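Read through the structure below, which is laid out as structure tokens, and then see the notes.
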Amino acid sequence: MRRAVAPGFALALPAWIWLAAFFVAPVGVVFWYSFGYKPGLFGTHANDVLSLDRYAEVLTPTFFDTFANTLWVGVLGTALCFVVGAPIAYWMALKAPARVKGLLIALVMVPFWTNFLVRTIGWLILLSPEGWLSSLLQDLGFEPLGVLQTRSAVLLGVVYNYLPLMILPLFVAFDRVGDVVREASSDLGGTPLRTFARVTFPLARPGIIVGVLLVYIPLMGDYLTAVVLGGAKGNMVGQMLASQFQTAQNWALGSAMAIMLVLMIVLSIVALGALARLIAIPVRARYRVDLMEEVA
Amino acid sequence: MIAGFEHPDAGDIRISGRSVIGQAPYRRDVNTVFQAYALFPHMTVAQNVAYGLHERRVARVELRARVAEALAMVQMRRFADRKPSQLSGGQQQRVALARALVNRPAVLLLDEPLAALDRKLREEMQLELKLIQAKLGLTFVFVTHDQAEALSMSDRIAVMRDGRIEQLDDATTIYRAPVSAYVASFVGQQNFFSGVVSAVGGEVQTSYGPISTVSTGLSVGQRVRAAVRPEFVELATGSPPGDTNRVEGRLIGVSHLGEAQQYLVQLGPELSVIARVATPLAPKLQIGESVWCSWRAESVQLFPDDEPIATGSLSAPTTTAIPAQ
């Protein structure tokens with residue numbers, strides 16, 4: 001007897017409903033608000049007159065400065081996370097003894113057990129010019145620590161807060177590459193560096209993309225790290241945006257900023273992807289083997 | 001160890017006269033056909049084969065010609081632009097072989113390359129490998145657990161036990177004149193009789209009667225095992241004439257092997273004899289019937305009693321070496 005089976009999409013229906021209700025709809029609302037205006041001192045938004053005025057309001061030199069700063073922190077922070085995280089993930093997946101792998105993953109996850117804000121404030125104590133690290137350095141004859149309220153402090157906090165998000169997908173990616181094909185490369189004359197470039201890296205690429213996006217996207221919207229460690233110099237779009245909703249109570253302007261931020265995240269990712277593809281073109285050409293050419 | 005992924009505790013490995021101890025795998029003139037193929041999944045067949053040549057910075061025109069030649073040799077030329085995931089196991093095996101061969105290494109190491117293939121394909125590949133080896137004149141080191149494969153493929157066989165070479169000889173010598181009871185029992189089947197040497201001429205007293213041999217070099221009174229291959233054992237319903245070795249027993253099993261029939265004859269509570277007769281010559285015998293097993297003195301080999309024999313003969317690996325011609 002054949003039993004009637006629900007079509008494939010039906011199984012995904014709960015997920016679709018969830019996504020529609022809690023992701024698509026809110027973004028739609030924000031999009032809608034961005035065409036409205038702030039009606040008065042006590043109102044947050046009104047949509048009876050639609051205009052692009054809020055976008056004009058957003059696109060001021062202040063916003064571009066802040067956006068450039070955000071992009072700078074986002075790109076550099078993501079790059080630093082990759083530079084720090086990739087060797088750790090590589091070592092964990094391919095060099096560490098198999099029996100300690102579980103423990104290592106647990107250690108990477110441990111910071112997540114504490115609240116994001118508390119973790120960041122912890123750095124504030126450590127880095128403050130009156131803190132114990134600073135006095136220790138002064139005892140050793142150095143200047144007091146002046147790293148707080150700078151971009152360096154922000155980057156430090158970013159690497160610390162987002163590193164696990166980079167390490168975990170990279171670990172999975174490197175782990176899936178495994179030893180077998182890497183040994184094959186070595187057997188065929190590939191030095192360790194070449195083996196990484198031609199086998200390990202291309203095979204781990206999907207995981208690397210996931211890791212980069214997982215760090216870059218939330219980092220572009222983050223402002224807590226910047227506020228706590230960077231002070232006024234660490235101004236980020238996320239902070240501006242939050243203040244429109246929370247302090248200025250101008251939801252319309254805040255929504256326009258949110259939409260611009262989303263747009264810029266998407267555009268920067270597209271640009272980055274295009275750049276990566278451009279770089280890959282000569283590499284692909286170098287290793288293309290077309291046996292048909294020989295006939296000509 | 002030959003490829004360089006493991007390091008020997010002691011001893012030396014020399015390739016073309018030069019020691020390779022401490023040399024990294026990518027510096028050795030050895031290429032491996034891995035048991036699991038280990039093809040690069042993100043590259044096409046042609047790119048896989050070209051990998052070693054790219055690493056050796058072989059010029060483009062020569063590279064293309066050599067890749068094409070290697071793929072033609074394993075009959076995979078028309079699959080050049082496919083990805084490994086689009087190939088069957090046997091086809092992947094061929095690509096792995098081409099990928100190693102194309103570099104023309106001093107030594108080609110084949111690590112149980114045919115283990116994952118079905119029997120028919122395996123036999124085809126065995127034949128092809130032999131032909132390719134003869135054509136190229138490279139040294140193949142062929143690791144296998146399959147004794148039949150070892151016997152049929154190799155010029156020289158090294159039978160390994162616990163990491164040591166028991167015997168290194170050509171297939172015929174390994175089979176006909178094994179140096180130890182282990183080799184004798186590991187390669188092919190054997191019937192073993194325990195006994196004591198009773199005459200210098202080589203007669204052994206066993207609990208199933210005397211066995212005469214032509215072996216020398218053992219002293220009277222020494223405890224030995226006498227070994228006879230199943231194909232040397234003849235079967236008859238009546239007592240065979242002459243002074244050949246003979247024992248009487250009861251036929252308890254017959255199995256059909258295709259080209260031969262295998263008989264199991266029980267002599268006593270703890271001993272059975274296996275006899276193998278080519279199918280056209282096989283006698284029609286009833287199970288339960290009383291039969292005589294006989295064999296010539298020349299087909300008996302003696303080994304000291306204290307030498308171990310291979311148990312579960314598929315558990316220990318054999319290595320086969322085919323030297324360059």
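In the structure tokens, the first chain shown is A, the next is B, and so on; residue numbers restart at 1 for each chain, and ligands run from 1 in the order shown.
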
### Query
Which residues of chain B are close to chain A, meaning at most 6 Å apart when you count only C-alpha atoms, and how do they look as a ChimeraX atom specification?
/B:25-26,31,38,47,52,55

### Task
Using only C-alpha atoms, determine which residues lie at most 9 Å from Val247 (chain B), disregarding the query and same-chain residues fewer than 3 positions distant; provide the list as a list in words.
Tyr208, Gly209, Ser239, Leu267, Val291, Trp292, Cys293 and Ser294 of chain B

### Task
Assign secondary structure with DSSP using the backbone only, and return the residues of region 64-254 of chain B in alpha helix (DSSP H) as a PyMOL selection string.
chain B and resi 64-73+89-101+119-136+147-153+171-176+181-186

### Message
Excluding Gly188 (chain B) and its own-chain neighbours fewer than 2 positions away, which residues fall within 9 Å of it when counting only C-alpha atoms? Please give them as a PyMOL selection string.
### Response
chain B and resi 147-148+175+184-186+190+229+313

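Among the candidates A:Val237, A:Leu165, A:Ala89, A:Phe196, the residue lying nearest to Met264 (chain A) is A:Val237 (atoms considered: only C-alpha atoms).
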
### Message
Could you check the closest approach to Val158 (chain A) for each of A:Leu104, A:Ala204, A:Leu229, A:Val118 and tell me which residue wins, using only C-alpha atoms?
### Response
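Once distances to Val158 (chain A) are computed over only C-alpha atoms, the minimum belongs to A:Leu229.
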
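Compared by their closest atoms to Ala100 (chain B), and using only C-alpha atoms, the residues B:Val179, B:Glu270, B:Thr32, B:Ala80 rank with B:Thr32 nearest.
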
### Message
With only C-alpha atoms as the counted atoms, please give the residues lying no more than 6 Å from region 26-42 of chain A, apart from itself and same-chain residues fewer than 2 positions off, as an MDAnalysis selection string.
### Response
chainID A and resid 23:24 44:47 50:52 250 252 255:256

Any chance you can output those residues with N, CA and C atoms as a PDB file, in the first residue's frame?
ATOM      1  N   PHE A  23      11.213  37.348  11.256  1.00  0.00           N
ATOM      2  CA  PHE A  23      12.326  37.967  10.542  1.00  0.00           C
ATOM      3  C   PHE A  23      11.827  38.874   9.416  1.00  0.00           C
ATOM      4  N   VAL A  24      11.063  38.296   8.498  1.00  0.00           N
ATOM      5  CA  VAL A  24      10.614  39.064   7.338  1.00  0.00           C
ATOM      6  C   VAL A  24       9.695  40.208   7.767  1.00  0.00           C
ATOM      7  N   THR A  44       6.827  58.559  18.305  1.00  0.00           N
ATOM      8  CA  THR A  44       8.055  57.931  17.826  1.00  0.00           C
ATOM      9  C   THR A  44       8.081  57.826  16.310  1.00  0.00           C
ATOM     10  N   HIS A  45       6.898  57.642  15.700  1.00  0.00           N
ATOM     11  CA  HIS A  45       6.876  57.505  14.252  1.00  0.00           C
ATOM     12  C   HIS A  45       5.465  57.753  13.726  1.00  0.00           C
ATOM     13  N   ALA A  46       5.374  58.193  12.490  1.00  0.00           N
ATOM     14  CA  ALA A  46       4.085  58.327  11.810  1.00  0.00           C
ATOM     15  C   ALA A  46       4.325  58.088  10.332  1.00  0.00           C
ATOM     16  N   ASN A  47       3.331  57.492   9.675  1.00  0.00           N
ATOM     17  CA  ASN A  47       3.503  57.139   8.266  1.00  0.00           C
ATOM     18  C   ASN A  47       2.421  57.729   7.360  1.00  0.00           C
ATOM     19  N   LEU A  50       4.413  59.909   3.304  1.00  0.00           N
ATOM     20  CA  LEU A  50       5.591  59.106   2.984  1.00  0.00           C
ATOM     21  C   LEU A  50       6.602  59.953   2.225  1.00  0.00           C
ATOM     22  N   SER A  51       7.903  59.746   2.549  1.00  0.00           N
ATOM     23  CA  SER A  51       8.940  60.503   1.853  1.00  0.00           C
ATOM     24  C   SER A  51      10.280  59.796   1.996  1.00  0.00           C
ATOM     25  N   LEU A  52      11.247  60.280   1.255  1.00  0.00           N
ATOM     26  CA  LEU A  52      12.609  59.765   1.369  1.00  0.00           C
ATOM     27  C   LEU A  52      13.460  60.699   2.234  1.00  0.00           C
ATOM     28  N   ASN A 250      13.263  58.740  17.760  1.00  0.00           N
ATOM     29  CA  ASN A 250      12.922  58.998  16.363  1.00  0.00           C
ATOM     30  C   ASN A 250      13.040  57.685  15.580  1.00  0.00           C
ATOM     31  N   ALA A 252      11.573  56.692  12.929  1.00  0.00           N
ATOM     32  CA  ALA A 252      11.629  56.808  11.474  1.00  0.00           C
ATOM     33  C   ALA A 252      13.077  56.950  11.012  1.00  0.00           C
ATOM     34  N   SER A 255      14.992  53.774  11.677  1.00  0.00           N
ATOM     35  CA  SER A 255      14.695  52.748  10.673  1.00  0.00           C
ATOM     36  C   SER A 255      15.462  52.988   9.390  1.00  0.00           C
ATOM     37  N   ALA A 256      15.519  54.235   8.975  1.00  0.00           N
ATOM     38  CA  ALA A 256      16.266  54.567   7.755  1.00  0.00           C
ATOM     39  C   ALA A 256      17.736  54.193   7.921  1.00  0.00           C
TER      40      ALA A 256
END

### Message
Which of region 216-293 of chain B end up as strand (DSSP E) when DSSP is run on this backbone - answer as a count of residues only?
### Response
42

### Task
Would you kindly return, as a PyMOL selection string, each protein, DNA or RNA residue with an atom no farther than 12 Å from any atom of Gly22 (chain B), considering only C-alpha atoms and excluding same-chain residues fewer than 6 positions away?
chain B and resi 1-14+28

### Query
Neighbours of Pro283 (chain B) within 9 Å (only C-alpha atoms; same-chain residues fewer than 5 positions away dropped), as a ChimeraX atom specification?
/B:235-236,277

#### Entry: Spatial neighbours of Val159 (chain A), 9 Å, only C-alpha atoms, chain gap at least 5 places, as a PyMOL selection string
chain A and resi 77-78+80-81+84+154

### Task
Enter the distance from CA of Leu59 (chain A) to CA of Gln249 (chain A), in Å, rounded to one decimal.
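Going from CA of Leu59 (chain A) over to CA of Gln249 (chain A), I get 19.0 Å.
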
### Message
Taking only C-alpha atoms into account, name the residue in B:Ser219, B:Ser255, B:Thr206, B:Asn245 that is nearest to Phe192 (chain B).
### Response
B:Thr206
